[in-house]
file target.txt (compact mmCIF, C-alpha atoms)
# COMPACT_ATOMS: atom_id res chain seq x y z
CA MET A 1 -15.62 -16.09 12.67
CA TYR A 2 -14.44 -15.98 9.07
CA ASN A 3 -12.53 -18.90 7.56
CA PHE A 4 -9.24 -17.59 6.23
CA ASP A 5 -7.78 -21.11 6.16
CA GLN A 6 -9.98 -21.88 3.15
CA GLU A 7 -7.93 -22.31 -0.01
CA ILE A 8 -9.62 -20.98 -3.14
CA ASN A 9 -8.26 -21.85 -6.57
CA ARG A 10 -7.74 -18.55 -8.40
CA ARG A 11 -6.09 -20.03 -11.48
CA GLY A 12 -8.03 -19.65 -14.69
CA THR A 13 -9.73 -16.45 -13.51
CA ASN A 14 -7.33 -14.07 -15.30
CA CYS A 15 -5.75 -13.50 -11.91
CA VAL A 16 -2.58 -11.41 -12.15
CA LYS A 17 -1.13 -12.99 -9.01
CA TRP A 18 -1.61 -16.63 -10.06
CA ASP A 19 -2.17 -16.77 -13.82
CA LYS A 20 0.92 -14.80 -14.84
CA ILE A 21 3.34 -17.36 -13.39
CA ASP A 22 3.99 -21.06 -13.95
CA LYS A 23 1.71 -23.52 -12.21
CA ASP A 24 4.47 -25.05 -10.09
CA VAL A 25 5.36 -21.67 -8.54
CA ILE A 26 3.84 -20.22 -5.34
CA PRO A 27 3.08 -16.51 -5.89
CA LEU A 28 4.00 -14.28 -2.96
CA TRP A 29 4.42 -11.03 -4.86
CA ILE A 30 1.67 -8.60 -5.89
CA ALA A 31 -0.29 -7.01 -3.03
CA ASP A 32 -3.63 -8.75 -3.02
CA MET A 33 -5.08 -11.37 -0.71
CA ASP A 34 -6.08 -14.98 -1.37
CA PHE A 35 -8.96 -14.76 1.10
CA ALA A 36 -12.65 -14.97 0.22
CA CYS A 37 -14.20 -11.54 0.13
CA LEU A 38 -16.55 -10.23 2.81
CA PRO A 39 -19.84 -12.08 2.09
CA GLU A 40 -21.89 -8.88 2.15
CA VAL A 41 -19.71 -7.49 -0.64
CA THR A 42 -20.36 -10.53 -2.82
CA GLU A 43 -24.08 -10.31 -2.06
CA ALA A 44 -24.22 -6.58 -2.89
CA ILE A 45 -22.47 -7.08 -6.23
CA SER A 46 -24.68 -10.06 -7.09
CA TYR A 47 -27.81 -8.12 -6.22
CA ARG A 48 -26.81 -5.20 -8.44
CA ALA A 49 -25.75 -7.60 -11.21
CA SER A 50 -29.24 -9.10 -11.16
CA HIS A 51 -30.52 -5.83 -12.62
CA PRO A 52 -30.00 -6.32 -16.39
CA ILE A 53 -28.81 -2.80 -17.24
CA TYR A 54 -25.28 -1.62 -16.41
CA GLY A 55 -25.34 1.98 -17.63
CA TYR A 56 -23.51 5.03 -16.35
CA SER A 57 -23.73 5.29 -12.58
CA PHE A 58 -22.63 7.57 -9.76
CA ALA A 59 -21.93 7.20 -6.07
CA SER A 60 -24.72 8.57 -3.89
CA GLU A 61 -24.33 10.58 -0.69
CA LYS A 62 -24.44 7.25 1.17
CA THR A 63 -21.03 6.21 -0.18
CA TYR A 64 -19.37 9.47 0.87
CA GLN A 65 -20.97 9.33 4.32
CA LEU A 66 -19.79 5.75 4.83
CA ILE A 67 -16.19 6.84 4.08
CA VAL A 68 -16.60 9.72 6.55
CA ASP A 69 -17.94 7.34 9.22
CA TRP A 70 -15.20 4.77 8.61
CA TYR A 71 -12.49 7.39 9.03
CA LYS A 72 -14.05 8.74 12.21
CA THR A 73 -14.57 5.30 13.76
CA ASN A 74 -11.32 3.65 12.69
CA HIS A 75 -8.83 6.50 12.43
CA ASN A 76 -10.29 9.25 14.63
CA VAL A 77 -10.24 11.56 11.62
CA CYS A 78 -13.04 14.03 10.90
CA ILE A 79 -13.55 14.69 7.21
CA LYS A 80 -16.40 16.25 5.26
CA PRO A 81 -18.12 14.48 2.36
CA ASN A 82 -17.22 17.31 -0.02
CA GLU A 83 -13.50 16.82 0.72
CA ILE A 84 -13.64 13.34 -0.81
CA VAL A 85 -13.05 12.79 -4.53
CA LEU A 86 -13.65 9.31 -5.93
CA ASN A 87 -11.21 7.98 -8.48
CA THR A 88 -10.39 4.80 -10.38
CA GLY A 89 -7.27 4.02 -8.34
CA VAL A 90 -4.47 5.45 -6.22
CA VAL A 91 -1.92 5.18 -9.04
CA TYR A 92 -4.26 7.06 -11.39
CA SER A 93 -4.64 9.69 -8.67
CA LEU A 94 -0.87 10.07 -8.59
CA TYR A 95 -0.85 10.62 -12.36
CA GLN A 96 -3.39 13.40 -11.90
CA ILE A 97 -1.64 15.04 -8.97
CA ILE A 98 1.79 15.03 -10.58
CA SER A 99 0.40 16.30 -13.89
CA LEU A 100 -1.44 19.12 -12.14
CA PHE A 101 0.94 20.30 -9.47
CA VAL A 102 4.44 19.52 -10.78
CA ASN A 103 5.58 21.29 -13.94
CA SER A 104 7.68 19.40 -16.47
CA ASP A 105 10.88 21.09 -15.26
CA GLU A 106 10.12 20.44 -11.58
CA LYS A 107 10.82 17.47 -9.30
CA ILE A 108 9.33 14.97 -6.87
CA ILE A 109 10.96 13.55 -3.75
CA ILE A 110 10.41 10.02 -2.39
CA GLN A 111 11.88 7.86 0.39
CA PRO A 112 13.15 4.47 -0.78
CA PRO A 113 12.83 1.59 -0.33
CA VAL A 114 9.28 2.44 -1.36
CA TYR A 115 6.38 1.43 -3.60
CA PRO A 116 7.88 1.38 -7.14
CA GLN A 117 4.99 3.22 -8.78
CA PHE A 118 5.97 6.46 -7.05
CA LYS A 119 9.10 6.56 -9.18
CA GLU A 120 7.58 4.92 -12.25
CA VAL A 121 4.63 7.32 -12.55
CA SER A 122 7.00 10.26 -12.18
CA ARG A 123 9.28 8.84 -14.86
CA LEU A 124 6.43 8.24 -17.29
CA LEU A 125 5.39 11.87 -16.82
CA ASN A 126 8.99 13.02 -17.41
CA ARG A 127 9.40 14.43 -13.91
CA GLU A 128 12.74 14.03 -12.20
CA VAL A 129 12.77 12.10 -8.92
CA VAL A 130 14.97 13.01 -5.96
CA LEU A 131 15.74 10.27 -3.43
CA ASN A 132 15.78 10.74 0.33
CA PRO A 133 16.43 7.14 1.44
CA LEU A 134 15.28 5.83 4.79
CA ILE A 135 18.10 5.11 7.25
CA LYS A 136 18.56 1.45 8.22
CA THR A 137 19.38 1.13 11.93
CA ALA A 138 19.53 -1.68 14.48
CA HIS A 139 15.98 -0.70 15.41
CA GLY A 140 14.61 -0.72 11.89
CA TYR A 141 14.24 1.98 9.27
CA GLN A 142 14.08 5.64 10.29
CA LEU A 143 13.25 8.84 8.43
CA ASP A 144 16.21 11.03 7.51
CA PHE A 145 14.76 14.40 8.44
CA GLU A 146 18.04 16.29 8.07
CA GLY A 147 18.64 14.82 4.64
CA PHE A 148 15.03 15.54 3.65
CA GLU A 149 15.21 19.20 4.54
CA GLN A 150 18.64 19.52 2.97
CA CYS A 151 17.22 18.24 -0.32
CA LEU A 152 14.45 20.82 -0.24
CA GLN A 153 16.81 23.64 0.76
CA GLN A 154 19.26 22.86 -2.01
CA ASP A 155 16.74 22.30 -4.80
CA SER A 156 13.79 24.68 -5.16
CA LYS A 157 12.60 22.63 -8.15
CA ILE A 158 11.24 19.98 -5.75
CA LYS A 159 7.51 20.67 -5.56
CA LEU A 160 5.93 17.42 -4.36
CA PHE A 161 6.72 14.83 -1.69
CA ILE A 162 5.06 11.40 -1.75
CA LEU A 163 4.87 9.81 1.69
CA CYS A 164 4.01 6.12 2.01
CA ASN A 165 2.08 5.75 5.27
CA PRO A 166 2.09 2.91 6.29
CA HIS A 167 5.34 2.44 4.42
CA ASN A 168 5.45 -0.23 1.73
CA PRO A 169 7.56 -2.48 1.71
CA ILE A 170 8.87 -2.15 5.28
CA GLY A 171 5.45 -2.01 6.97
CA LYS A 172 6.26 0.96 9.19
CA CYS A 173 3.63 3.19 10.81
CA TYR A 174 4.77 6.77 11.27
CA SER A 175 4.07 8.64 14.49
CA LEU A 176 2.06 11.84 14.53
CA GLU A 177 5.21 13.67 15.61
CA GLU A 178 7.04 12.38 12.52
CA ILE A 179 4.18 13.34 10.21
CA ASN A 180 3.99 16.84 11.69
CA ARG A 181 7.71 17.29 11.24
CA LEU A 182 7.53 16.23 7.59
CA ALA A 183 4.51 18.51 7.05
CA GLN A 184 6.32 21.43 8.67
CA ILE A 185 9.37 20.98 6.42
CA CYS A 186 7.18 20.67 3.32
CA GLN A 187 5.19 23.80 4.10
CA LYS A 188 8.34 25.75 4.88
CA HIS A 189 9.73 24.94 1.43
CA ASN A 190 6.44 25.19 -0.50
CA VAL A 191 6.29 21.45 -1.25
CA ILE A 192 2.95 19.61 -1.42
CA LEU A 193 2.74 16.55 0.84
CA VAL A 194 0.90 13.60 -0.73
CA SER A 195 0.28 10.75 1.71
CA ASP A 196 -0.51 7.33 0.22
CA GLU A 197 -2.48 5.61 2.99
CA ILE A 198 -3.94 2.67 1.07
CA HIS A 199 -2.64 0.18 3.68
CA SER A 200 -3.93 2.20 6.65
CA ASP A 201 -6.53 -0.37 7.76
CA ILE A 202 -4.07 -3.28 7.84
CA ILE A 203 -2.45 -2.46 11.17
CA LEU A 204 -0.98 -5.33 13.19
CA ALA A 205 -1.01 -6.11 16.92
CA ASP A 206 -1.07 -2.95 19.04
CA ASN A 207 0.40 -0.60 16.46
CA LYS A 208 -1.44 2.53 15.37
CA HIS A 209 -1.81 4.39 12.10
CA TYR A 210 -1.79 8.18 12.14
CA SER A 211 -3.20 9.73 9.02
CA ALA A 212 -1.65 12.89 7.62
CA LEU A 213 -5.15 14.30 8.09
CA LEU A 214 -4.34 14.35 11.83
CA ALA A 215 -1.39 16.69 11.31
CA ASP A 216 -1.69 20.19 12.75
CA GLN A 217 -4.44 22.25 11.16
CA LYS A 218 -1.93 24.80 9.89
CA TYR A 219 -0.53 22.18 7.48
CA GLN A 220 -3.82 20.80 6.13
CA ASP A 221 -4.07 23.08 3.08
CA ASN A 222 -0.80 21.58 1.88
CA ILE A 223 -1.78 17.90 2.30
CA ILE A 224 -3.42 15.40 -0.07
CA VAL A 225 -4.35 11.92 1.17
CA LEU A 226 -4.84 8.92 -1.11
CA SER A 227 -6.66 5.83 0.10
CA SER A 228 -9.03 3.04 -0.84
CA ALA A 229 -10.98 0.07 0.46
CA THR A 230 -9.23 -2.14 -2.08
CA LYS A 231 -6.36 -3.29 0.14
CA THR A 232 -8.50 -3.55 3.27
CA PHE A 233 -11.16 -5.74 1.64
CA ASN A 234 -9.26 -7.12 -1.39
CA LEU A 235 -11.24 -5.24 -4.05
CA ALA A 236 -8.43 -4.15 -6.38
CA GLY A 237 -10.09 -5.56 -9.49
CA LEU A 238 -13.08 -3.23 -9.00
CA LYS A 239 -10.94 -0.13 -9.65
CA MET A 240 -11.99 2.51 -7.17
CA SER A 241 -10.18 4.73 -4.70
CA PHE A 242 -10.64 8.12 -3.09
CA THR A 243 -8.60 11.26 -2.59
CA ILE A 244 -9.11 13.58 0.36
CA ILE A 245 -8.21 17.23 -0.25
CA ARG A 246 -9.15 19.94 2.26
CA ASN A 247 -7.74 22.81 0.21
CA ASP A 248 -10.72 24.04 -1.84
CA GLN A 249 -8.68 25.45 -4.73
CA MET A 250 -6.53 22.36 -4.99
CA ARG A 251 -9.55 20.06 -4.84
CA GLN A 252 -11.48 21.99 -7.51
CA LYS A 253 -8.49 21.83 -9.83
CA TYR A 254 -8.14 18.10 -9.19
CA VAL A 255 -11.85 17.40 -9.77
CA SER A 256 -11.90 19.41 -12.99
CA HIS A 257 -8.90 17.50 -14.35
CA GLY A 258 -10.35 14.14 -13.29
CA ASP A 259 -13.70 14.87 -14.90
CA LYS A 260 -12.04 15.75 -18.19
CA CYS A 261 -9.97 12.55 -18.14
CA GLY A 262 -12.86 10.34 -17.03
CA LEU A 263 -10.95 9.26 -13.93
CA THR A 264 -13.73 10.26 -11.54
CA ALA A 265 -16.25 7.94 -13.23
CA VAL A 266 -16.10 4.89 -10.98
CA ASN A 267 -17.13 1.28 -11.51
CA ILE A 268 -20.81 0.47 -10.95
CA PHE A 269 -19.97 -2.64 -8.89
CA ALA A 270 -17.21 -0.90 -6.94
CA ILE A 271 -19.81 1.49 -5.52
CA GLU A 272 -21.88 -1.42 -4.22
CA ALA A 273 -18.77 -3.13 -2.84
CA TYR A 274 -17.68 -0.01 -0.98
CA ASN A 275 -21.13 0.50 0.52
CA ALA A 276 -21.21 -3.08 1.79
CA ALA A 277 -17.61 -3.16 2.99
CA TYR A 278 -17.82 0.07 4.97
CA SER A 279 -21.24 -0.90 6.34
CA TYR A 280 -20.55 -4.48 7.41
CA GLY A 281 -16.79 -5.03 7.21
CA LYS A 282 -15.47 -3.96 10.63
CA GLN A 283 -15.31 -7.49 12.09
CA TRP A 284 -13.94 -9.00 8.86
CA SER A 285 -11.18 -6.38 8.82
CA LYS A 286 -10.32 -7.10 12.47
CA GLU A 287 -10.16 -10.85 11.92
CA VAL A 288 -8.15 -10.69 8.71
CA ASN A 289 -5.57 -8.48 10.44
CA GLU A 290 -5.31 -11.02 13.25
CA TYR A 291 -4.84 -13.83 10.74
CA ILE A 292 -2.13 -11.90 8.88
CA TYR A 293 -0.34 -11.15 12.15
CA ASN A 294 -0.43 -14.84 13.10
CA ASN A 295 1.05 -15.70 9.70
CA PHE A 296 3.87 -13.28 10.43
CA LEU A 297 4.42 -14.87 13.86
CA LEU A 298 4.61 -18.28 12.21
CA MET A 299 7.06 -17.04 9.58
CA LYS A 300 9.22 -15.25 12.15
CA GLN A 301 9.53 -18.40 14.27
CA PHE A 302 10.25 -20.58 11.23
CA ILE A 303 12.96 -18.28 9.87
CA ASP A 304 14.64 -17.66 13.24
CA GLN A 305 14.77 -21.38 14.03
CA LYS A 306 15.76 -22.76 10.63
CA MET A 307 17.19 -19.97 8.49
CA ASN A 308 18.86 -17.53 10.84
CA LYS A 309 20.97 -15.95 8.12
CA ILE A 310 17.76 -14.55 6.63
CA LYS A 311 16.78 -11.50 8.67
CA PHE A 312 13.15 -10.61 9.22
CA GLU A 313 11.17 -8.50 11.66
CA ILE A 314 7.38 -8.51 11.88
CA PRO A 315 6.05 -5.27 10.35
CA GLN A 316 3.76 -2.85 12.11
CA ALA A 317 1.36 -2.78 9.16
CA THR A 318 0.50 -4.31 5.75
CA TYR A 319 0.60 -7.99 4.81
CA MET A 320 4.06 -7.73 3.25
CA GLY A 321 7.26 -8.85 4.92
CA TRP A 322 10.70 -7.46 4.04
CA LEU A 323 13.23 -10.30 3.95
CA ASP A 324 16.94 -9.53 4.17
CA PHE A 325 19.15 -12.15 2.46
CA SER A 326 22.36 -10.08 2.74
CA GLU A 327 24.26 -12.53 4.98
CA LEU A 328 23.88 -15.28 2.35
CA ASN A 329 25.97 -13.37 -0.20
CA ILE A 330 23.85 -14.72 -3.05
CA GLN A 331 25.51 -14.64 -6.47
CA GLY A 332 23.39 -13.49 -9.40
CA ASN A 333 19.83 -12.19 -9.29
CA LEU A 334 18.22 -13.27 -6.01
CA ASN A 335 14.65 -12.94 -7.27
CA GLU A 336 15.34 -15.03 -10.36
CA ARG A 337 17.14 -17.69 -8.34
CA LEU A 338 14.24 -18.01 -5.91
CA LEU A 339 11.86 -18.35 -8.84
CA LYS A 340 13.95 -20.92 -10.69
CA GLU A 341 15.41 -22.91 -7.80
CA ALA A 342 12.80 -22.62 -5.00
CA LYS A 343 9.71 -22.14 -7.18
CA LEU A 344 8.80 -19.06 -5.16
CA PHE A 345 7.93 -15.70 -6.72
CA MET A 346 8.34 -12.71 -4.44
CA SER A 347 8.73 -9.01 -5.23
CA ASP A 348 12.33 -8.10 -6.04
CA GLY A 349 13.83 -5.67 -3.52
CA LYS A 350 15.53 -3.81 -6.38
CA ASN A 351 12.10 -2.65 -7.53
CA PHE A 352 11.75 -0.68 -4.30
CA TYR A 353 15.31 0.68 -4.28
CA ASP A 354 18.17 -0.20 -6.57
CA LYS A 355 20.40 -0.78 -3.51
CA CYS A 356 18.08 -3.49 -2.14
CA GLY A 357 18.98 -6.39 -4.42
CA SER A 358 19.54 -8.62 -1.41
CA TYR A 359 15.98 -8.07 -0.17
CA GLN A 360 12.67 -9.61 -1.20
CA ARG A 361 9.12 -8.56 -0.31
CA ILE A 362 6.87 -11.48 0.63
CA ASN A 363 3.06 -11.40 0.70
CA VAL A 364 1.62 -13.46 3.58
CA ALA A 365 -2.08 -12.75 2.83
CA CYS A 366 -2.66 -16.42 2.07
CA SER A 367 -3.76 -19.49 3.98
CA LYS A 368 -1.48 -20.83 6.69
CA ALA A 369 -1.06 -24.03 4.63
CA VAL A 370 0.18 -22.14 1.57
CA LEU A 371 2.57 -20.08 3.71
CA LEU A 372 3.99 -23.21 5.32
CA GLU A 373 4.52 -24.82 1.91
CA ALA A 374 6.32 -21.66 0.77
CA LEU A 375 8.51 -21.64 3.89
CA ASP A 376 9.37 -25.31 3.37
CA ARG A 377 10.43 -24.54 -0.19
CA LEU A 378 12.51 -21.61 1.02
CA TYR A 379 14.17 -23.81 3.66
CA ASN A 380 14.96 -26.56 1.14
CA TRP A 381 16.58 -23.95 -1.12
CA TYR A 382 18.43 -22.43 1.84
CA GLN A 383 20.00 -25.81 2.68
CA THR A 384 21.52 -26.07 -0.80
CA LEU A 385 23.55 -22.86 -0.44
call {"tool": "encode", "arguments": {"input": "target.txt", "output": "structure tokens"}}
result
Amino acid sequence: MYNFDQEINRRGTNCVKWDKIDKDVIPLWIADMDFACLPEVTEAISYRASHPIYGYSFASEKTYQLIVDWYKTNHNVCIKPNEIVLNTGVVYSLYQIISLFVNSDEKIIIQPPVYPQFKEVSRLLNREVVLNPLIKTAHGYQLDFEGFEQCLQQDSKIKLFILCNPHNPIGKCYSLEEINRLAQICQKHNVILVSDEIHSDIILADNKHYSALLADQKYQDNIIVLSSATKTFNLAGLKMSFTIIRNDQMRQKYVSHGDKCGLTAVNIFAIEAYNAAYSYGKQWSKEVNEYIYNNFLLMKQFIDQKMNKIKFEIPQATYMGWLDFSELNIQGNLNERLLKEAKLFMSDGKNFYDKCGSYQRINVACSKAVLLEALDRLYNWYQTL
């Protein structure tokens, strides 16, 4: 049993989550955990650090095989080591993919509310973004397949679709039927499907993640999957991810570009962390998911009993909750008011979709005690409205 109740002071460590906000504020924003890392990861890094030379390094066949084994064991996906390309991060991978496969006069399509970097990377590369928003229903968010295909039919300049699976910030797992339908539409209209699956190991309760790599074989040459151990094991600061590309031509082009940019040269300690995490981390991953789910259960009960005008449903995946404050009719900027008045810093819903100003994304990958303190602060603020 791992102790996720342990509170570790991260202030003063150049921690983005804690050191970029005032000391009287509880940070519930950026997607990293406040839990102690898997002990074997710490030991592996320490052991490598004990060698006094930190020169250029590479990942051995062991690292690739461990990724292959993890995917087979945890996601029932068969991949080959040569289909894996290591990279310095999923966002950097997106830069590469968009630069390579979308010309400057072409477009990208995304499905908001969604991870803001999809739009931001495209903007920085001067590619136009087309929106195919998810549909909010009484049963949660749903894909708008008709609207998606209509976009592709009406605009042949759309060349790339970025799927978030599981979907950040709503925590939705897509079914294999849904993924196949998206893949079929993309192939029909000559649009590359890029599936960001970085949260794919953080699946809650009895829900299931289906990778785009499980889509019908006839679609696989048109699919790129992005993933990493960084969300699963809280290793974001080590800067390493991987891209899975089955299309040989596409992969060779991607590798060549990455080599020239230096983006395939990964961190010496990240290699050791990956090897340890994928070798020894199965139980840790299982227990941390259970802890996160219990935090969501606690938050759901607290909100339903004390703040029923705030709407929240437990997600299927990720450690982020999507809070709906619409019924409160808050005046001004909701995120700024929560920061100033409740001393809580969440992720502003407007970052995920400009029509979601009444939503906030909350990170519950923290100790139960910290979450309860945050909920108490939210309740005290709620009572003042």
call {"tool": "closest_residue", "arguments": {"input": "target.txt", "among": "A:Glu373, A:Glu43, A:Asp348, A:Asp201", "to": "Pro169 (chain A)", "atoms": "only C-alpha atoms"}}
result
A:Asp348
call {"tool": "closest_residue", "arguments": {"input": "target.txt", "among": "A:Tyr280, A:Tyr2, A:Tyr293, A:Phe345", "to": "Asn207 (chain A)", "atoms": "only C-alpha atoms"}}
result
A:Tyr293
call {"tool": "residues_near_point", "arguments": {"input": "target.txt", "point": "(-0.4, 9.0, -14.7)", "cutoff": "12 Å", "atoms": "all atoms listed in the file", "output": "PyMOL selection string"}}
result
chain A and resi 88-100+117-127+258+261+263
call {"tool": "residues_around", "arguments": {"input": "target.txt", "residues": "Gln383 (chain A)", "least_positions_apart": "2", "cutoff": "12 Å", "atoms": "only C-alpha atoms", "output": "MDAnalysis selection string"}}
result
chainID A and resid 306:309 328 341:342 376:381 385
call {"tool": "atom_distance", "arguments": {"input": "target.txt", "atom1": "CA of Val85 (chain A)", "atom2": "CA of Ile244 (chain A)"}}
result
6.3 Å
call {"tool": "residues_near_point", "arguments": {"input": "target.txt", "point": "(10.4, 6.4, 12.3)", "cutoff": "7 Å", "atoms": "all atoms listed in the file", "output": "list in words"}}
result
Tyr141, Gln142, Leu143, Tyr174 and Glu178 of chain A
call {"tool": "axis_aligned_box", "arguments": {"input": "target.txt", "around": "region 322-328 of chain A", "padding_each_side": "6 Å", "output": "lines of an AutoDock Vina configuration file"}}
result
center_x = 17.5
center_y = -11.4
center_z = 3.7
size_x = 25.6
size_y = 19.8
size_z = 14.6
call {"tool": "atom_distance", "arguments": {"input": "target.txt", "atom1": "CA of Ala59 (chain A)", "atom2": "CA of Val255 (chain A)"}}
result
14.8 Å
call {"tool": "atom_distance", "arguments": {"input": "target.txt", "atom1": "CA of Lys208 (chain A)", "atom2": "CA of Leu323 (chain A)"}}
result
22.6 Å
call {"tool": "decode", "arguments": {"input": "target.txt", "residues": "region 198-206 of chain A", "atoms": "all heavy atoms", "output": "PDB file, in the first residue's frame"}}
result
ATOM      1  N   ILE A 198      -2.372  10.903 -23.483  1.00  0.00           N
ATOM      2  CA  ILE A 198      -1.466  11.042 -22.347  1.00  0.00           C
ATOM      3  C   ILE A 198      -2.132  10.667 -21.016  1.00  0.00           C
ATOM      4  O   ILE A 198      -1.455  10.265 -20.076  1.00  0.00           O
ATOM      5  CB  ILE A 198      -0.872  12.464 -22.288  1.00  0.00           C
ATOM      6  CG1 ILE A 198       0.357  12.493 -21.355  1.00  0.00           C
ATOM      7  CG2 ILE A 198      -1.921  13.486 -21.882  1.00  0.00           C
ATOM      8  CD1 ILE A 198       1.156  13.776 -21.440  1.00  0.00           C
ATOM      9  N   HIS A 199      -3.460  10.760 -20.941  1.00  0.00           N
ATOM     10  CA  HIS A 199      -4.171  10.423 -19.697  1.00  0.00           C
ATOM     11  C   HIS A 199      -4.716   8.992 -19.711  1.00  0.00           C
ATOM     12  O   HIS A 199      -5.530   8.637 -18.859  1.00  0.00           O
ATOM     13  CB  HIS A 199      -5.331  11.394 -19.474  1.00  0.00           C
ATOM     14  CG  HIS A 199      -4.912  12.812 -19.250  1.00  0.00           C
ATOM     15  ND1 HIS A 199      -4.476  13.279 -18.032  1.00  0.00           N
ATOM     16  CD2 HIS A 199      -4.850  13.875 -20.096  1.00  0.00           C
ATOM     17  CE1 HIS A 199      -4.172  14.566 -18.128  1.00  0.00           C
ATOM     18  NE2 HIS A 199      -4.385  14.945 -19.366  1.00  0.00           N
ATOM     19  N   SER A 200      -4.270   8.176 -20.646  1.00  0.00           N
ATOM     20  CA  SER A 200      -4.911   6.878 -20.886  1.00  0.00           C
ATOM     21  C   SER A 200      -4.743   5.864 -19.758  1.00  0.00           C
ATOM     22  O   SER A 200      -5.470   4.867 -19.710  1.00  0.00           O
ATOM     23  CB  SER A 200      -4.394   6.269 -22.191  1.00  0.00           C
ATOM     24  OG  SER A 200      -2.994   6.071 -22.141  1.00  0.00           O
ATOM     25  N   ASP A 201      -3.797   6.078 -18.858  1.00  0.00           N
ATOM     26  CA  ASP A 201      -3.626   5.145 -17.734  1.00  0.00           C
ATOM     27  C   ASP A 201      -4.417   5.566 -16.505  1.00  0.00           C
ATOM     28  O   ASP A 201      -4.507   4.801 -15.542  1.00  0.00           O
ATOM     29  CB  ASP A 201      -2.143   5.044 -17.355  1.00  0.00           C
ATOM     30  CG  ASP A 201      -1.323   4.324 -18.406  1.00  0.00           C
ATOM     31  OD1 ASP A 201      -1.816   3.310 -18.940  1.00  0.00           O
ATOM     32  OD2 ASP A 201      -0.205   4.777 -18.699  1.00  0.00           O
ATOM     33  N   ILE A 202      -4.978   6.776 -16.526  1.00  0.00           N
ATOM     34  CA  ILE A 202      -5.714   7.263 -15.351  1.00  0.00           C
ATOM     35  C   ILE A 202      -7.211   7.078 -15.629  1.00  0.00           C
ATOM     36  O   ILE A 202      -7.950   8.019 -15.951  1.00  0.00           O
ATOM     37  CB  ILE A 202      -5.359   8.728 -15.048  1.00  0.00           C
ATOM     38  CG1 ILE A 202      -3.836   8.871 -14.929  1.00  0.00           C
ATOM     39  CG2 ILE A 202      -6.035   9.194 -13.758  1.00  0.00           C
ATOM     40  CD1 ILE A 202      -3.344  10.281 -14.925  1.00  0.00           C
ATOM     41  N   ILE A 203      -7.630   5.840 -15.537  1.00  0.00           N
ATOM     42  CA  ILE A 203      -9.008   5.448 -15.835  1.00  0.00           C
ATOM     43  C   ILE A 203      -9.676   5.057 -14.518  1.00  0.00           C
ATOM     44  O   ILE A 203      -9.124   4.269 -13.738  1.00  0.00           O
ATOM     45  CB  ILE A 203      -9.049   4.273 -16.823  1.00  0.00           C
ATOM     46  CG1 ILE A 203      -8.213   4.598 -18.078  1.00  0.00           C
ATOM     47  CG2 ILE A 203     -10.491   3.951 -17.206  1.00  0.00           C
ATOM     48  CD1 ILE A 203      -8.644   5.837 -18.837  1.00  0.00           C
ATOM     49  N   LEU A 204     -10.864   5.603 -14.279  1.00  0.00           N
ATOM     50  CA  LEU A 204     -11.500   5.487 -12.965  1.00  0.00           C
ATOM     51  C   LEU A 204     -12.611   4.444 -12.940  1.00  0.00           C
ATOM     52  O   LEU A 204     -13.318   4.236 -13.938  1.00  0.00           O
ATOM     53  CB  LEU A 204     -12.050   6.851 -12.555  1.00  0.00           C
ATOM     54  CG  LEU A 204     -11.043   8.008 -12.618  1.00  0.00           C
ATOM     55  CD1 LEU A 204     -11.720   9.314 -12.246  1.00  0.00           C
ATOM     56  CD2 LEU A 204      -9.834   7.750 -11.719  1.00  0.00           C
ATOM     57  N   ALA A 205     -12.751   3.801 -11.779  1.00  0.00           N
ATOM     58  CA  ALA A 205     -13.799   2.805 -11.527  1.00  0.00           C
ATOM     59  C   ALA A 205     -13.750   1.719 -12.606  1.00  0.00           C
ATOM     60  O   ALA A 205     -12.692   1.191 -12.905  1.00  0.00           O
ATOM     61  CB  ALA A 205     -15.162   3.487 -11.442  1.00  0.00           C
ATOM     62  N   ASP A 206     -14.892   1.431 -13.215  1.00  0.00           N
ATOM     63  CA  ASP A 206     -14.950   0.337 -14.192  1.00  0.00           C
ATOM     64  C   ASP A 206     -14.909   0.830 -15.634  1.00  0.00           C
ATOM     65  O   ASP A 206     -15.257   0.087 -16.563  1.00  0.00           O
ATOM     66  CB  ASP A 206     -16.232  -0.485 -13.978  1.00  0.00           C
ATOM     67  CG  ASP A 206     -16.245  -1.179 -12.631  1.00  0.00           C
ATOM     68  OD1 ASP A 206     -15.161  -1.609 -12.183  1.00  0.00           O
ATOM     69  OD2 ASP A 206     -17.330  -1.287 -12.023  1.00  0.00           O
TER      70      ASP A 206
END
